[in-house]
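Engineer: The structure under discussion is supplied below as structure tokens; questions concerning it will follow.
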Protein chains: 2
Amino acid sequence: MSDGPVPVALCLVVLVVQKFGGTSVADPDRMREVADHVKRCRGRGEQVVLVVSAMGKETDELLRLARLVSGEPPGREMDMLITAGERKAIALMCMALHEMGIPADSFTGSQAGFLTDTVHRNARIVSVDPYRVRESVDAGRVAVVAGAQGVSTEHNVTFLGRGGSDTTAVALAHGLGADACELYTDVSGVFTTDPRVCSSAHKMSQISFDELLEMTAVGCPKPVMRSVEVARAYGVPLHVRSAFTWESGTWVLEEGPEVEKAIIKGIVPDTSQAKVTLTGVSDEPGIAARVFRALAEANVNVDMIVQNVSDHGRTDISFTAPRESMSDAEQICAQLKSEMAFEEVSTDDTIGRVSVVGAGMASNPGVAATMFEELAGVGVNIEMISTSAIRISCVVRESDVDKATVVLHTAFGLDEGA
Amino acid sequence: MSDGPVPVALCLVVLVVQKFGGTSVADPDRMREVADHVKRCRGRGEQVVLVVSAMGKETDELLRLARLVSGEPPGREMDMLITAGERKAIALMCMALHEMGIPADSFTGSQAGFLTDTVHRNARIVSVDPYRVRESVDAGRVAVVAGAQGVSTEHNVTFLGRGGSDTTAVALAHGLGADACELYTDVSGVFTTDPRVCSSAHKMSQISFDELLEMTAVGCPKPVMRSVEVARAYGVPLHVRSAFTWESGTWVLEEGPEVEKAIIKGIVPDTSQAKVTLTGVSDEPGIAARVFRALAEANVNVDMIVQNVSDHGRTDISFTAPRESMSDAEQICAQLKSEMAFEEVSTDDTIGRVSVVGAGMASNPGVAATMFEELAGVGVNIEMISTSAIRISCVVRESDVDKATVVLHTAFGLDEGA
């Protein structure tokens, strides 16, 4: 099976870290399919290191058990519990490889040399010293590493959090000096927009780290943003691809030389956010800081922030945040209201957002103009605007998101064959 | 709740290692009950260390998964897989304790300082250095240790085998200098005979290590023999008791001063074995050794061996072994048959065995005579006899085992209130 065209620098790939998520190793049949894929890779002369997540819904099941036992389980014990899932998966994966005649060794996060901080449930990697993994690879074996786990500087088992397996894979690829890190998922790559919204959406063969980060930030479900940040920081080439069709996916690389042209890569619809507006806020230094510090301390993940021009010393501030954080956000703002003399706090959870993502946008103002014209042309009203070097996002009515996505996908030449 | 009369030496108990098997921690409700028990113990001023097995049928489920993936899974990976079960259990047990306001820390075998040899699936403990467990206890916390696991001298995860949690508990009690090791099970102690066979069976309050070893060897299901051997070697007082009624169970201690009297402690029925007979074996040195070496190498656990007197340079050898080993045993003997010129190999899986166990038997030959008379009195034919310093076993027809057990229980004064 061909893996399709890959960037020139990757044609000499000899060591690849392959990460398989929970659905990719959900049962013995799936594990056999993964083992079969590893066999094909080795047949092409590649050295393979696997990173696997817990099987299927196992992590959810462990969380359910914890809730049955305890209202507020201690973090140290949660991590001991959750990491058992990946241990099962690595052991069974090794068995499936052995059964296919491929020698393999499983390694827990600790055995693979992942040292973390002491923040249970969501530990950060301090260092990676994968000498045992390296020994296994050098002996011609397949090392199978448990995702999302490590051992803390206080010698306790730690969990890197949901999606931590992606981070494990990228950090391991860097630690081993691997030629690439492949993230196998249940989607076949990164698409120009959501195929459920726009039938002409198609898979990109290549995208830059920054572009992918913007796609992720505005709703693209995979891979986990944190892992992309690590990959970008260390220049680890990523390949996001399918563990079901095994077709070539999307390579995520550092920006190429053509970055100066405005190349729109994708349109990202998002209906996961809601909007909070504070009206009549005193327009003096430190007020906005106070509001957003309080939100940050409550872990409300604020995304877009827009502040209107001041009118007689009073201004309005609007921001968006995930809908599930709305009750927290509203409560915090209500507390600050009396203290800081806002006129009103209002929320709106019927908003949506559509974003245009691509490199070189900052030096090509025509992109924003085109976007606004196209939206106006189909009668979509823009409620908020936010821009970055590689993204323009417009908040619109939730009911307008699909229409906006389709018209922009066409306008920016993304329809396949266009 | 009273724990009943305990030996004088144990009245000052301050540190107790309590082991809970799979049925005792099968679900969240059971874990809460165990946590409640720990709270009562701490209320009495005891320091408690827990050793727990995997929940309920979890180990079986993991073995089932392994069989779905691999016909012959590597030992290293089996151990990685199986030990995940105990990790889940210790984490959830700690959560249940926290929920009850009891501070607790979980420890894997490795974290608890269990260093083992490199024999996967059935590793032996090399040393125990439970300094982290000690720190936890000294801090007024409950340490919860994963049963049946350790880390090998080659830094791999090892499993001590089925029933290994008992061994973990006893070795930990020794390593901590604990005052006692309590083995909580689904039976309330060691009985004078099987209550299902003999209605007058009753629980013993005390038994010696040697007696318990004989009871175990001839069919008493719990605790695991290996753990009793370790307890005897290090003089760790054991308390076999129920995790369901919480009543006081049976103390297992070194022999008391009254060892010179023949005191029959129990009658042990056993229908788990079958018999193999080799007829016309050449009666020369080394022949028996050759047979039993071959059986040992195939892990056939031979129990009784009887060799008849020689007749014209030929003899018969009979031995018993677990019924599940019969096909292996028969195959091995058949191979040796042509090589070593036996006349015949025959097997019989309709045998049973009844044993009388008690201290001081060797110097009281009347015990054997009484046993044989009683069996003859109810028409039970004896097919094989084997004796040790504290046990006399007779192989009889399987259908005679219950009758033999009842008559011997009465004859040796074991009926309650007798």
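For the structure tokens, the naming scheme is as follows: chains receive sequential letters (A, B, ...) according to their order of presentation, residues are indexed from 1 within each chain, and ligands are indexed from 1 in presentation order.
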Fit chain B to chain A, all Cα atoms paired in order, least squares. Then write it as a compact mmCIF listing (two decimals) with C-alpha atoms, in the first residue's frame.

Structural biologist:
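selection-v4.txt, written as the output of this step:
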# COMPACT_ATOMS: atom_id res chain seq x y z
CA MET B 1 -0.03 -0.09 0.07
CA SER B 2 1.47 3.23 -1.00
CA ASP B 3 1.77 6.12 1.40
CA GLY B 4 1.55 8.57 -1.50
CA PRO B 5 3.88 11.45 -2.26
CA VAL B 6 5.85 12.62 0.74
CA PRO B 7 8.12 15.65 1.02
CA VAL B 8 11.62 15.05 -0.31
CA ALA B 9 13.20 15.33 3.12
CA LEU B 10 11.14 12.37 4.26
CA CYS B 11 12.02 9.88 1.55
CA LEU B 12 14.87 8.51 3.70
CA VAL B 13 12.63 7.89 6.71
CA VAL B 14 14.07 5.12 8.81
CA LEU B 15 12.58 5.66 12.27
CA VAL B 16 8.90 6.56 12.63
CA VAL B 17 6.91 7.05 15.83
CA GLN B 18 3.30 5.99 15.18
CA LYS B 19 0.57 7.00 17.60
CA PHE B 20 -2.74 5.12 17.70
CA GLY B 21 -5.74 6.58 19.52
CA GLY B 22 -8.40 4.72 21.48
CA THR B 23 -10.68 3.90 18.51
CA SER B 24 -7.67 2.59 16.56
CA VAL B 25 -6.91 -0.03 19.26
CA ALA B 26 -10.46 -0.51 20.56
CA ASP B 27 -10.50 -4.33 20.42
CA PRO B 28 -8.37 -7.37 19.50
CA ASP B 29 -9.34 -7.11 15.81
CA ARG B 30 -8.18 -3.51 15.61
CA MET B 31 -4.93 -4.43 17.38
CA ARG B 32 -4.31 -7.13 14.78
CA GLU B 33 -4.89 -4.57 12.03
CA VAL B 34 -2.37 -2.20 13.61
CA ALA B 35 0.11 -5.08 13.97
CA ASP B 36 -0.43 -5.90 10.30
CA HIS B 37 0.31 -2.27 9.38
CA VAL B 38 3.50 -2.34 11.46
CA LYS B 39 4.54 -5.49 9.59
CA ARG B 40 4.09 -3.68 6.24
CA CYS B 41 6.13 -0.71 7.51
CA ARG B 42 8.95 -3.00 8.66
CA GLY B 43 8.77 -4.74 5.32
CA ARG B 44 9.64 -1.37 3.75
CA GLY B 45 12.68 -1.13 6.03
CA GLU B 46 11.20 1.32 8.54
CA GLN B 47 11.94 1.12 12.24
CA VAL B 48 8.68 1.61 14.14
CA VAL B 49 7.92 2.84 17.66
CA LEU B 50 4.26 2.77 18.72
CA VAL B 51 2.48 5.04 21.17
CA VAL B 52 -0.99 3.80 22.14
CA SER B 53 -3.92 5.23 24.06
CA ALA B 54 -6.33 3.29 26.26
CA MET B 55 -8.69 0.99 24.34
CA GLY B 56 -11.95 2.50 23.09
CA LYS B 57 -14.02 3.94 25.91
CA GLU B 58 -11.77 2.56 28.66
CA THR B 59 -10.77 5.98 30.04
CA ASP B 60 -14.44 6.99 30.28
CA GLU B 61 -15.19 3.75 32.10
CA LEU B 62 -12.39 4.38 34.61
CA LEU B 63 -13.67 7.92 35.20
CA ARG B 64 -17.16 6.48 35.77
CA LEU B 65 -15.80 4.07 38.38
CA ALA B 66 -13.98 6.92 40.12
CA ARG B 67 -17.19 8.97 40.29
CA LEU B 68 -18.99 5.98 41.85
CA VAL B 69 -16.38 5.89 44.61
CA SER B 70 -15.60 9.52 45.22
CA GLY B 71 -17.07 12.96 44.70
CA GLU B 72 -13.67 14.60 44.56
CA PRO B 73 -10.96 12.01 43.94
CA PRO B 74 -7.37 13.11 44.67
CA GLY B 75 -5.33 13.84 41.55
CA ARG B 76 -2.57 11.42 42.46
CA GLU B 77 -5.05 8.54 42.65
CA MET B 78 -6.91 9.60 39.50
CA ASP B 79 -3.63 9.39 37.61
CA MET B 80 -2.82 5.97 39.07
CA LEU B 81 -6.28 4.82 37.95
CA ILE B 82 -6.40 6.33 34.46
CA THR B 83 -2.91 5.22 33.44
CA ALA B 84 -3.92 1.58 34.02
CA GLY B 85 -5.86 1.86 30.75
CA GLU B 86 -2.79 2.52 28.61
CA ARG B 87 -0.89 -0.27 30.38
CA LYS B 88 -3.51 -2.78 29.28
CA ALA B 89 -3.34 -1.44 25.74
CA ILE B 90 0.47 -1.61 25.40
CA ALA B 91 0.62 -5.16 26.78
CA LEU B 92 -2.13 -6.41 24.45
CA MET B 93 -0.61 -4.54 21.49
CA CYS B 94 2.74 -6.27 22.13
CA MET B 95 0.97 -9.64 22.28
CA ALA B 96 -0.69 -8.92 18.92
CA LEU B 97 2.73 -8.07 17.42
CA HIS B 98 4.38 -11.19 18.85
CA GLU B 99 1.51 -13.25 17.45
CA MET B 100 2.47 -11.88 14.00
CA GLY B 101 6.10 -12.80 14.54
CA ILE B 102 7.23 -9.25 15.35
CA PRO B 103 9.33 -8.95 18.54
CA ALA B 104 7.98 -6.13 20.72
CA ASP B 105 8.42 -4.64 24.20
CA SER B 106 5.93 -2.54 26.12
CA PHE B 107 7.03 0.49 28.12
CA THR B 108 5.06 2.54 30.62
CA GLY B 109 5.59 6.31 30.59
CA SER B 110 8.05 5.92 33.42
CA GLN B 111 9.96 3.12 31.69
CA ALA B 112 10.08 5.16 28.48
CA GLY B 113 11.80 7.95 30.41
CA PHE B 114 9.01 10.53 30.63
CA LEU B 115 9.74 12.79 33.61
CA THR B 116 6.92 15.26 34.33
CA ASP B 117 6.02 18.01 36.76
CA THR B 118 3.80 17.20 39.75
CA VAL B 119 0.50 18.60 38.37
CA HIS B 120 -1.74 15.55 38.48
CA ARG B 121 -4.45 15.01 35.84
CA ASN B 122 -2.67 17.39 33.48
CA ALA B 123 1.06 16.99 33.96
CA ARG B 124 3.62 18.65 31.71
CA ILE B 125 6.66 16.83 30.41
CA VAL B 126 9.90 18.03 32.03
CA SER B 127 12.26 15.77 30.09
CA VAL B 128 12.32 12.58 28.01
CA ASP B 129 15.18 10.11 28.22
CA PRO B 130 14.00 7.13 26.16
CA TYR B 131 17.12 5.00 26.46
CA ARG B 132 15.16 1.78 27.00
CA VAL B 133 13.04 2.51 23.92
CA ARG B 134 16.24 3.15 21.95
CA GLU B 135 17.73 -0.15 23.12
CA SER B 136 14.60 -1.98 22.01
CA VAL B 137 14.68 -0.30 18.57
CA ASP B 138 18.40 -0.96 18.16
CA ALA B 139 17.74 -4.62 18.90
CA GLY B 140 15.37 -4.72 15.91
CA ARG B 141 12.25 -4.80 18.10
CA VAL B 142 9.10 -2.66 18.15
CA ALA B 143 8.83 -0.53 21.29
CA VAL B 144 5.23 0.07 22.37
CA VAL B 145 4.93 3.07 24.68
CA ALA B 146 1.94 3.98 26.87
CA GLY B 147 0.52 7.33 25.83
CA ALA B 148 -0.19 10.30 28.10
CA GLN B 149 1.76 9.12 31.11
CA GLY B 150 5.00 9.67 32.99
CA VAL B 151 6.55 9.76 36.42
CA SER B 152 6.78 13.02 38.33
CA THR B 153 9.85 14.59 39.90
CA GLU B 154 8.33 13.28 43.17
CA HIS B 155 8.27 9.70 41.80
CA ASN B 156 4.50 9.49 41.42
CA VAL B 157 2.60 8.29 38.37
CA THR B 158 1.25 11.20 36.31
CA PHE B 159 -1.28 11.55 33.50
CA LEU B 160 -0.71 14.13 30.75
CA GLY B 161 -4.44 14.76 30.30
CA ARG B 162 -6.94 13.89 27.56
CA GLY B 163 -5.22 13.79 24.20
CA GLY B 164 -1.89 13.46 25.95
CA SER B 165 -0.93 10.49 23.77
CA ASP B 166 -0.33 12.86 20.85
CA THR B 167 2.06 14.83 23.03
CA THR B 168 3.81 11.62 24.14
CA ALA B 169 4.30 10.62 20.50
CA VAL B 170 5.72 13.96 19.42
CA ALA B 171 8.01 14.29 22.46
CA LEU B 172 9.21 10.72 21.95
CA ALA B 173 9.87 11.35 18.24
CA HIS B 174 11.98 14.34 19.25
CA GLY B 175 13.75 12.40 22.04
CA LEU B 176 14.61 9.57 19.65
CA GLY B 177 15.55 11.87 16.79
CA ALA B 178 12.86 10.11 14.73
CA ASP B 179 12.32 11.10 11.13
CA ALA B 180 8.58 11.59 11.53
CA CYS B 181 5.71 11.25 13.93
CA GLU B 182 2.51 9.78 12.53
CA LEU B 183 -0.76 10.44 14.34
CA TYR B 184 -3.27 7.75 13.34
CA THR B 185 -6.88 8.70 13.97
CA ASP B 186 -10.36 7.95 12.72
CA VAL B 187 -10.15 10.75 10.09
CA SER B 188 -7.94 10.49 7.06
CA GLY B 189 -6.20 13.86 7.45
CA VAL B 190 -6.82 17.59 7.77
CA PHE B 191 -9.59 18.82 5.49
CA THR B 192 -10.10 22.21 3.83
CA THR B 193 -13.33 22.45 5.81
CA ASP B 194 -15.81 20.19 7.57
CA PRO B 195 -17.02 17.65 4.95
CA ARG B 196 -20.35 17.39 6.76
CA VAL B 197 -20.93 21.10 6.12
CA CYS B 198 -19.45 21.45 2.64
CA SER B 199 -19.53 18.58 0.15
CA SER B 200 -16.57 19.93 -1.82
CA ALA B 201 -14.24 19.76 1.18
CA HIS B 202 -11.10 17.78 0.53
CA LYS B 203 -8.05 16.54 2.34
CA MET B 204 -4.92 18.71 2.28
CA SER B 205 -1.69 16.88 1.50
CA GLN B 206 0.37 19.44 3.43
CA ILE B 207 -0.11 22.24 5.94
CA SER B 208 2.22 24.31 8.17
CA PHE B 209 2.34 23.99 11.93
CA ASP B 210 0.97 27.52 12.36
CA GLU B 211 -1.89 26.89 10.01
CA LEU B 212 -2.76 23.64 11.75
CA LEU B 213 -2.63 25.40 15.12
CA GLU B 214 -5.18 27.92 13.84
CA MET B 215 -7.31 25.14 12.37
CA THR B 216 -7.18 23.34 15.72
CA ALA B 217 -7.82 26.44 17.76
CA VAL B 218 -10.99 27.16 15.83
CA GLY B 219 -12.51 23.73 15.94
CA CYS B 220 -10.49 21.21 13.90
CA PRO B 221 -10.82 18.22 16.23
CA LYS B 222 -7.46 16.50 15.79
CA PRO B 223 -4.58 16.39 16.55
CA VAL B 224 -4.38 17.92 19.98
CA MET B 225 -3.07 21.47 19.88
CA ARG B 226 -0.48 20.92 22.59
CA SER B 227 1.21 18.19 20.57
CA VAL B 228 1.35 20.43 17.51
CA GLU B 229 3.00 23.15 19.61
CA VAL B 230 5.64 20.65 20.75
CA ALA B 231 6.14 19.43 17.17
CA ARG B 232 6.55 23.00 15.94
CA ALA B 233 8.98 23.87 18.75
CA TYR B 234 11.25 20.94 17.88
CA GLY B 235 10.57 20.73 14.14
CA VAL B 236 9.16 17.19 14.28
CA PRO B 237 7.37 16.43 10.97
CA LEU B 238 3.84 15.22 11.66
CA HIS B 239 1.67 13.02 9.50
CA VAL B 240 -2.03 13.03 10.41
CA ARG B 241 -3.66 9.96 8.86
CA SER B 242 -6.26 7.23 9.13
CA ALA B 243 -5.89 3.97 11.06
CA PHE B 244 -8.89 2.59 9.18
CA THR B 245 -8.16 3.21 5.47
CA TRP B 246 -4.35 3.43 5.96
CA GLU B 247 -4.24 5.95 3.08
CA SER B 248 -1.71 8.78 3.13
CA GLY B 249 -2.98 11.72 5.17
CA THR B 250 -1.84 15.30 5.73
CA TRP B 251 1.79 16.17 6.43
CA VAL B 252 2.34 19.01 8.89
CA LEU B 253 5.67 20.69 8.29
CA GLU B 254 7.54 23.91 8.87
CA GLU B 255 6.56 26.65 6.45
CA GLY B 256 7.87 26.33 2.93
CA PRO B 257 9.39 29.14 0.81
CA GLU B 258 6.04 30.10 -0.72
CA VAL B 259 4.90 31.61 2.57
CA GLU B 260 4.75 35.15 1.12
CA LYS B 261 1.75 34.39 -1.05
CA ALA B 262 -1.64 34.43 0.61
CA ILE B 263 -2.68 30.80 0.34
CA ILE B 264 -5.98 30.00 1.98
CA LYS B 265 -5.74 26.49 3.31
CA GLY B 266 -9.05 25.95 4.93
CA ILE B 267 -12.40 27.20 6.17
CA VAL B 268 -13.23 26.23 9.73
CA PRO B 269 -16.83 26.20 10.98
CA ASP B 270 -17.28 26.08 14.75
CA THR B 271 -20.45 25.96 16.81
CA SER B 272 -18.88 24.94 20.11
CA GLN B 273 -18.59 28.43 21.61
CA ALA B 274 -20.89 30.91 23.29
CA LYS B 275 -20.52 34.64 23.78
CA VAL B 276 -20.48 36.75 26.94
CA THR B 277 -20.94 40.52 26.76
CA LEU B 278 -20.19 42.94 29.60
CA THR B 279 -21.79 46.31 28.94
CA GLY B 280 -20.96 49.63 30.60
CA VAL B 281 -17.54 48.55 31.81
CA SER B 282 -15.41 51.37 33.22
CA ASP B 283 -12.76 52.09 30.58
CA GLU B 284 -9.67 52.32 32.78
CA PRO B 285 -6.38 50.39 32.86
CA GLY B 286 -6.44 47.01 34.61
CA ILE B 287 -10.17 46.32 34.31
CA ALA B 288 -9.90 43.88 31.41
CA ALA B 289 -6.91 42.23 33.06
CA ARG B 290 -8.94 41.68 36.23
CA VAL B 291 -11.80 40.04 34.34
CA PHE B 292 -9.67 37.69 32.26
CA ARG B 293 -7.39 36.77 35.17
CA ALA B 294 -10.46 35.65 37.14
CA LEU B 295 -11.67 33.62 34.14
CA ALA B 296 -8.24 32.06 33.63
CA GLU B 297 -8.04 31.04 37.27
CA ALA B 298 -11.34 29.21 36.85
CA ASN B 299 -9.92 27.44 33.75
CA VAL B 300 -12.38 29.17 31.42
CA ASN B 301 -10.64 28.94 28.06
CA VAL B 302 -11.42 32.34 26.54
CA ASP B 303 -10.92 32.46 22.78
CA MET B 304 -11.95 35.71 20.99
CA ILE B 305 -12.00 39.02 22.85
CA VAL B 306 -13.44 42.20 21.36
CA GLN B 307 -13.59 45.55 23.10
CA ASN B 308 -15.60 48.38 21.56
CA VAL B 309 -14.42 51.98 21.46
CA SER B 310 -15.01 53.91 24.63
CA ASP B 311 -18.11 56.07 24.97
CA HIS B 312 -18.07 58.57 27.90
CA GLY B 313 -15.55 56.50 29.88
CA ARG B 314 -17.62 53.30 29.54
CA THR B 315 -17.05 50.46 27.10
CA ASP B 316 -18.42 47.01 26.18
CA ILE B 317 -16.33 43.85 26.23
CA SER B 318 -17.39 40.66 24.46
CA PHE B 319 -15.62 37.34 24.56
CA THR B 320 -16.25 33.77 23.45
CA ALA B 321 -15.56 30.61 25.41
CA PRO B 322 -16.64 26.95 25.13
CA ARG B 323 -20.34 26.47 25.84
CA GLU B 324 -19.60 24.02 28.66
CA SER B 325 -17.75 26.83 30.49
CA MET B 326 -20.66 29.23 30.23
CA SER B 327 -22.11 28.71 33.70
CA ASP B 328 -18.67 29.26 35.25
CA ALA B 329 -18.02 32.33 33.09
CA GLU B 330 -21.41 33.83 33.87
CA GLN B 331 -20.98 33.25 37.60
CA ILE B 332 -17.54 34.87 37.65
CA CYS B 333 -18.72 37.90 35.66
CA ALA B 334 -21.78 38.27 37.91
CA GLN B 335 -19.51 38.35 40.96
CA LEU B 336 -17.31 41.00 39.35
CA LYS B 337 -20.37 42.98 38.22
CA SER B 338 -21.17 44.52 41.59
CA GLU B 339 -17.51 44.85 42.51
CA MET B 340 -16.54 46.56 39.28
CA ALA B 341 -19.82 48.30 38.43
CA PHE B 342 -20.69 46.81 35.00
CA GLU B 343 -24.08 47.74 33.75
CA GLU B 344 -24.99 44.28 32.52
CA VAL B 345 -23.72 40.76 31.86
CA SER B 346 -25.40 38.88 29.02
CA THR B 347 -24.68 35.55 27.38
CA ASP B 348 -25.59 34.17 23.99
CA ASP B 349 -25.14 30.49 23.13
CA THR B 350 -26.68 30.68 19.66
CA ILE B 351 -23.58 32.06 18.01
CA GLY B 352 -21.30 30.30 15.58
CA ARG B 353 -18.00 31.14 14.03
CA VAL B 354 -16.41 30.71 10.66
CA SER B 355 -12.68 31.16 10.10
CA VAL B 356 -10.43 31.46 7.07
CA VAL B 357 -6.97 30.01 7.72
CA GLY B 358 -3.84 30.34 5.60
CA ALA B 359 -0.28 31.62 5.48
CA GLY B 360 0.72 35.12 4.34
CA MET B 361 -2.62 36.69 5.19
CA ALA B 362 -1.20 39.59 7.19
CA SER B 363 0.43 41.11 4.10
CA ASN B 364 -2.64 40.48 1.92
CA PRO B 365 -5.49 42.64 3.29
CA GLY B 366 -7.64 41.59 0.34
CA VAL B 367 -8.43 38.34 2.10
CA ALA B 368 -10.45 40.02 4.87
CA ALA B 369 -12.27 42.22 2.37
CA THR B 370 -13.18 39.20 0.22
CA MET B 371 -14.41 37.33 3.26
CA PHE B 372 -16.67 40.16 4.45
CA GLU B 373 -18.06 40.74 0.93
CA GLU B 374 -18.86 37.07 0.44
CA LEU B 375 -20.67 36.86 3.77
CA ALA B 376 -22.64 40.00 3.05
CA GLY B 377 -23.48 38.60 -0.39
CA VAL B 378 -25.39 35.70 1.18
CA GLY B 379 -26.95 37.87 3.90
CA VAL B 380 -24.80 36.70 6.81
CA ASN B 381 -24.42 39.37 9.51
CA ILE B 382 -21.00 39.61 11.23
CA GLU B 383 -21.21 40.12 15.02
CA MET B 384 -17.53 39.96 16.02
CA ILE B 385 -14.25 39.86 14.12
CA SER B 386 -10.87 38.61 15.25
CA THR B 387 -7.70 38.23 13.21
CA SER B 388 -4.24 36.75 13.51
CA ALA B 389 -1.35 36.55 11.08
CA ILE B 390 -2.83 33.43 9.49
CA ARG B 391 -6.51 33.49 10.46
CA ILE B 392 -9.60 35.67 10.17
CA SER B 393 -12.59 34.63 12.27
CA CYS B 394 -16.11 36.06 12.19
CA VAL B 395 -18.77 35.38 14.80
CA VAL B 396 -22.15 34.98 13.12
CA ARG B 397 -25.53 33.44 14.03
CA GLU B 398 -25.19 29.72 14.62
CA SER B 399 -27.77 29.10 11.91
CA ASP B 400 -25.60 30.93 9.35
CA VAL B 401 -22.41 28.92 9.91
CA ASP B 402 -22.99 26.23 7.26
CA LYS B 403 -24.02 28.73 4.58
CA ALA B 404 -20.98 30.91 5.36
CA THR B 405 -18.63 27.92 5.22
CA VAL B 406 -19.85 26.77 1.80
CA VAL B 407 -19.65 30.21 0.19
CA LEU B 408 -16.16 30.89 1.54
CA HIS B 409 -14.88 27.44 0.49
CA THR B 410 -15.86 28.26 -3.08
CA ALA B 411 -14.75 31.92 -2.96
CA PHE B 412 -11.21 31.01 -1.86
CA GLY B 413 -10.83 28.37 -4.56
CA LEU B 414 -10.90 25.37 -2.27
CA ASP B 415 -13.57 23.30 -4.06
CA GLU B 416 -11.82 20.21 -5.34
CA GLY B 417 -10.69 20.57 -8.91
CA ALA B 418 -11.45 24.31 -8.78

Engineer: Could you pull out the helix (DSSP H, G or I) residues of range 191-390 of chain A, going by DSSP on the backbone, and write them as a ChimeraX atom specification?

Structural biologist: /A:209-217,225-234,257-260,287-297,323-340,366-377

Engineer: Taking the backbone alone, and naming residues the way the document does, which bits of range 87-242 of chain A are strand (DSSP E) by DSSP, as a PyMOL selection string?

Structural biologist: chain A and resi 104-107+114-116+125-128+142-146+149-152+157-159+180-185+206-208+238-242
